[in-house]
Structure formats: structure tokens, C-alpha cells
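Take a look at the structure set out below.
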Amino acid sequence: MKLPAPPTEKSFPSPLHHPRVATVLGRWLGIAVLICFLTGLFSHLQQTTPGWLAIPSRPASLYRVTQRLHVLSGTIAVPLLLAKLWTVYPKLFAKVPWPPSRKALGNFLERLSILVLVSALALELFTGFLNTLQWYPWPFPFKQTHYALAWIIIGVLLAHLAVKLPLITAHWRRTPADSLPPATTGMTRRTLFRTVAGAAALVGITSVGQSAPALGPIAVLAPRKPNVGPQGLPVNRTAKDAEVTEVGDDWRFTVAGPRSLSFTLDQLRELPQNESELPIACVEGWSQGAHWEGIRIRDLLRLCGAPDRSRVRVVSMEKGGFYATSELPSAFAADPLTLLALRLNGADLALDHGFPARIIAPNRPGVLQTKWVHRLEVLT
């Protein structure tokens with residue numbers, strides 16, 4: 001029995017595999033990847049701020065918006081990537097020139113770069129999705145790996161675009177229907193585009209509800225509901241996880257500065273109290289606004305005689321963890337919205353939300369809104 005001949009690129013004559021289709025889907029995917037990269041870079045710089053960069057404290061909800069866009073664009077990129085791969089997969093069956101030549105080497109390097117790009121992008125999206133679930137079934141550190149993969153993707157993507165620029169330019173504008181091969185299925189290019197756009201919109205709408213309360217009821221793909229948790233606010237790291245199981249009457253809050261200060265909880269409550277309407281916005285993509293009451297950090301710094309524009313190290317009672325301490329840059333420490341919060345939504349902080357005191361500041365990732373705070377250290 002004679003075996004059928006292996007497929008070639010010409011075995012897939014459908015106009016849905018035309019370069020014009022790949023160009024359109026590539027544009028959409030490129031926009032999603034670019035938004036995801038830029039918002040992810042902003043998040044990384046928030047958590048690992050180099051000395052030469054000064055991140056502003058306003059707009060107060062900027063981080064909430066950018067991280068919502070980061071997770072949303074990453075989620076939308078999944079169906080776009082699958083559609084793009086489906087469109088171009090016949091290229092895998094293209095004949096490689098033989099005997100080897102400069103053209104064959106270029107073809108091999110192009111395929112290798114595509115393999116690296118697709119692999120890195122798939123791994124980036126996969127690990128990013130598992131991060132939204134706070135599940136890390138791998139031995140490597142997520143944050144550093146996610147950041148490194150992002151730069152690999154951007155670098156390989158730029159090289160790929162440079163190689164494919166003539167083809168992209170040729171098919172950037174609408175291709176006349178009479179220049180395409182005859183349709184072999186009932187699906188037209190327009191139908192394909194609508195289907196892919198609809199799938200991307202669907203996964204976006206059903207996941208963005210974790211940061212958009214109005215869409216919470218239909219957020220079936222979101223790992224969290226924004227208003228579900230103690231005092232109407234979700235919790236990532238519980239007091240049990242942080243090994244903060246009890247706060248005794250001997251608890252003291254101290255400020256280490258030019259003039260050292262020490263307060264009991266009752267003494268903190270007697271200081272002038274202020275209010276802030278600020279969201280908790282986490283790197284996993286969820287966010288929820290809340291009403292906070294407490295003492296302005298800048299007032300505490302004035303009480304201890306700290307110089308203007310001082311930085312502050314915040315120390316938690318949390319046992320271990322990457323964020324047991326954090327640093328408030330001067331712009332955040334001086335912002336009137338930044339509080340040592342004692343109350344949340346009209347009641348004393350729940351233990352899981354950082355009782356007896358926590359930091360709340362504008363335009364900050366949730367991991368830097370340190371809970372169970374018992375010490376501030378003035379850094380000049």
C-alpha cells in the first residue's frame with residue numbers, strides 16, 4: 001500500500017492562511033503584547049525602583065489601571081496567539097532549500113527565532129495566568145523569570161518584525177478578494193476576524209471583573225471577586241500565612257528618626273486621624289476600592305523631626321516573606337493620602353488586613369501596602 005505524500009505548504013490553499021490574515025492578527029497580537037509589556041514594566045519598576053527613577057504618587061489609581069490592563073491584555077493575547085499560530089502553521093511544511101545555502105541558513109535561523117518567540121510567549125502567558133491564581137508549581141522565582149522572559153519576547157519579536165517587514169508592508173493594507181485563492185471552507189476572512197475578536201472580547205469581559213466591580217457577576221474566569229473578603233476586601237496573604245496570629249497588649253508602634261517615638265495602639269488612635277479613599281491593587285490583577293482611616297505618614301515624620309523629602313522603611317511583624325519590609329519613597333511618604341491606617345470601611349482593621357496598623361498609599365502595588373506594621377525607619 002502506497003503511503004500518501006507528506007503535506008507541503010501548497011496543501012493548505014485556504015485564503016485564511018494568507019499573509020494578509022497573518023498580518024491583521026499579528027497587529028492585534030502585537031498591540032496586546034506591547035500593552036502587556038509596558039504595564040508589566042511599570043509594575044516591575046514600582047517593586048524594584050532604581051535610584052535614578054522617581055515614580056510619582058499620583059494619579060492615585062494609576063497602578064490599579066495599569067495592572068488591570070496588564071492582566072487583561074495578557075488574557076486577550078491567548079486567543080490571539082492561538083489564532084495567529086493556526087494561520088501560519090502551513091509554513092512549517094515549506095520546503096527547506098537543499099543543498100544547504102545562505103538562503104537555507106537564513107530560513108533555519110528564521111524558524112529558530114519563531115520557535116523561541118512562540119515558546120517564550122506561551123511560557124510568559126502560562127506563568128502569568130498561574131500567578132493570578134497564586135500557584136507556583138516550578139522551582140524558579142516567578143517575578144525575575146517573568147521579567148526576563150518579557151525582554152526576550154520583545155527582543156525576538158523586534159528581530160522577527162525586521163525579517164518580515166517586507167511581507168508585512170506588502171499586506172498591511174486591505175487585499176482585494178479577487179487576488180486571493182478560492183475559499184475551501186465556509187468561513188471567510190471577515191468571519192475569522194470577527195470570531196477571533198469575539199473570543200478575545202469574551203475572555204476579557206469574563207476575567208476583568210476582578211478589578212471592575214460592575215462586571216463582577218459575569219467574571220467567571222476571574223480567580224477573585226473584588227468585594228469578597230473580610231470587611232469587603234479580598235486578602236492575598238493571611239495573618240496565618242505571615243505567622244502573625246496574635247497581637248498582645250504590649251504591642252508598640254515605633255518611629256526611628258532624629259527623635260525616636262513610641263506609641264501604644266490607644267495613643268495612635270488619639271493622634272489626629274485622616275481619611276483616604278484608595279484601592280488595593282494587586283499584581284495578580286484584582287483591585288478593590290476602600291475607605292481608610294489613620295494617621296498621615298508625613299505627620300508622623302514631622303513629629304519625629306525628620307527632614308522634608310525623607311524616605312521611609314516600613315517594617316512588618318510578618319515572619320519572613322519577600323515583603324516583610326518595604327520602602328516608601330519621599331513622594332509617597334509626603335503625600336497626604338498616605339496613611340498608617342488603623343481602620344478599614346468604618347471598622348478596626350481585621351487581623352488579615354494588617355491589624356493593628358498597615359500602610360495605604362496612592363499608586364502602589366498591593367504587595368507594598370505593608371500589613372502588621374510596627375516600625376518606621378526614617379531614611380535620609
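Labeling convention for the C-alpha cells: chains A, B, ... as they appear, residues from 1 per chain, ligands from 1 in order of appearance.
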- [ ] Identify, with DSSP run on backbone atoms, the residues in segment 136-365 of chain A assigned to helix (DSSP H, G or I), and express the list as a ChimeraX atom specification.
- [x] /A:142-170,177-179,189-205,208-210,213-218,230-232,265-270,297-303,330-333,351-353
Write out as JSON lines the residues of segment 282-351 of chain A that have any atom within 8 Å of an atom of segment 199-222 of chain A, one row each with the nearest atom pair and its distance in Å to one decimal, counting only C-alpha atoms, sorted by chain and then rising number.
```
{"residue": "A:Gly285", "atom": "CA", "partner": "A:Ser211", "partner_atom": "CA", "distance": 6.7}
{"residue": "A:Trp286", "atom": "CA", "partner": "A:Ser211", "partner_atom": "CA", "distance": 4.6}
{"residue": "A:Ser287", "atom": "CA", "partner": "A:Ser211", "partner_atom": "CA", "distance": 4.6}
{"residue": "A:Gln288", "atom": "CA", "partner": "A:Ser211", "partner_atom": "CA", "distance": 6.4}
```
Selection file, all heavy atoms, as a PDB file, in the first residue's frame:
```
ATOM      1  N   GLY A 285      -3.813  41.227  39.429  1.00  0.00           N
ATOM      2  CA  GLY A 285      -4.828  41.828  38.570  1.00  0.00           C
ATOM      3  C   GLY A 285      -6.090  42.268  39.264  1.00  0.00           C
ATOM      4  O   GLY A 285      -6.867  43.039  38.701  1.00  0.00           O
ATOM      5  N   TRP A 286      -6.349  41.798  40.489  1.00  0.00           N
ATOM      6  CA  TRP A 286      -7.585  42.215  41.158  1.00  0.00           C
ATOM      7  C   TRP A 286      -7.370  43.535  41.883  1.00  0.00           C
ATOM      8  O   TRP A 286      -6.257  43.875  42.294  1.00  0.00           O
ATOM      9  CB  TRP A 286      -8.095  41.137  42.116  1.00  0.00           C
ATOM     10  CG  TRP A 286      -7.261  40.891  43.347  1.00  0.00           C
ATOM     11  CD1 TRP A 286      -6.308  39.927  43.506  1.00  0.00           C
ATOM     12  CD2 TRP A 286      -7.320  41.608  44.591  1.00  0.00           C
ATOM     13  NE1 TRP A 286      -5.760  40.004  44.762  1.00  0.00           N
ATOM     14  CE2 TRP A 286      -6.364  41.024  45.460  1.00  0.00           C
ATOM     15  CE3 TRP A 286      -8.068  42.685  45.048  1.00  0.00           C
ATOM     16  CZ2 TRP A 286      -6.153  41.478  46.751  1.00  0.00           C
ATOM     17  CZ3 TRP A 286      -7.858  43.155  46.348  1.00  0.00           C
ATOM     18  CH2 TRP A 286      -6.906  42.539  47.176  1.00  0.00           C
ATOM     19  N   SER A 287      -8.418  44.279  42.056  1.00  0.00           N
ATOM     20  CA  SER A 287      -8.350  45.527  42.805  1.00  0.00           C
ATOM     21  C   SER A 287      -9.724  45.847  43.365  1.00  0.00           C
ATOM     22  O   SER A 287     -10.754  45.419  42.825  1.00  0.00           O
ATOM     23  CB  SER A 287      -7.851  46.685  41.929  1.00  0.00           C
ATOM     24  OG  SER A 287      -8.755  46.931  40.860  1.00  0.00           O
ATOM     25  N   GLN A 288      -9.721  46.599  44.463  1.00  0.00           N
ATOM     26  CA  GLN A 288     -10.975  46.991  45.091  1.00  0.00           C
ATOM     27  C   GLN A 288     -10.743  48.275  45.879  1.00  0.00           C
ATOM     28  O   GLN A 288      -9.785  48.385  46.640  1.00  0.00           O
ATOM     29  CB  GLN A 288     -11.474  45.887  46.037  1.00  0.00           C
ATOM     30  CG  GLN A 288     -12.693  46.240  46.864  1.00  0.00           C
ATOM     31  CD  GLN A 288     -13.947  46.432  46.022  1.00  0.00           C
ATOM     32  OE1 GLN A 288     -14.066  45.851  44.943  1.00  0.00           O
ATOM     33  NE2 GLN A 288     -14.881  47.245  46.482  1.00  0.00           N
TER      34      GLN A 288
END
```
Per-residue nearest contacts of segment 29-92 of chain A to segment 150-167 of chain A (10 Å; only C-alpha atoms) as a tab-separated table:
```
residue	atom	partner	partner_atom	distance
A:Gly30	CA	A:Leu157	CA	8.9
A:Val33	CA	A:Ile154	CA	8.6
A:Leu34	CA	A:Ile154	CA	8.4
A:Cys36	CA	A:Ala150	CA	9.1
A:Phe37	CA	A:Ala150	CA	6.6
A:Leu38	CA	A:Ala150	CA	9.8
A:Gly40	CA	A:Ala150	CA	8.6
A:Leu41	CA	A:Ala150	CA	8.7
```
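A straight line drawn from atom CA of Ala32 of chain A to atom CA of Pro139 of chain A is 28.3 Å long.
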Task: Two-atom distance - atom CA of Gly51 of chain A, atom CA of Tyr323 of chain A (Å) - done: 19.0 Å
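When only C-alpha atoms are used to compute distances to Leu278 of chain A, the closest of the residues A:Asn345, A:Ser14, A:Thr8, A:Thr380 turns out to be A:Asn345.
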Open item on the list: Env of Thr39 of chain A: 7 Å cut, atoms = only C-alpha atoms, seq-sep filter 3 positions within chain, self excluded. Answer as a list of chain:residue names.
Closed with: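 The residues that qualify are A:Ile35, A:Cys36, A:Phe42, A:Ser43, A:Thr66, A:Gln67, A:His70.
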Restricted to N, CA and C atoms, what would the selected residues look like written as a compact mmCIF listing (two decimals), in the first residue's frame?
```
# COMPACT_ATOMS: atom_id res chain seq x y z
N ILE A 35 1.10 46.43 25.12
CA ILE A 35 0.42 46.94 26.33
C ILE A 35 0.83 46.11 27.54
N CYS A 36 0.84 44.79 27.36
CA CYS A 36 1.21 43.90 28.46
C CYS A 36 2.65 44.17 28.91
N PHE A 42 6.09 48.78 34.15
CA PHE A 42 5.72 49.76 35.18
C PHE A 42 5.57 49.08 36.54
N SER A 43 4.92 47.92 36.55
CA SER A 43 4.76 47.18 37.81
C SER A 43 6.10 46.75 38.38
N THR A 66 -3.14 50.40 35.34
CA THR A 66 -2.10 49.73 34.54
C THR A 66 -2.07 48.24 34.79
N GLN A 67 -2.28 47.82 36.04
CA GLN A 67 -2.24 46.38 36.31
C GLN A 67 -3.48 45.69 35.78
N HIS A 70 -2.63 45.22 32.29
CA HIS A 70 -1.60 44.18 32.15
C HIS A 70 -2.22 42.80 32.09
```
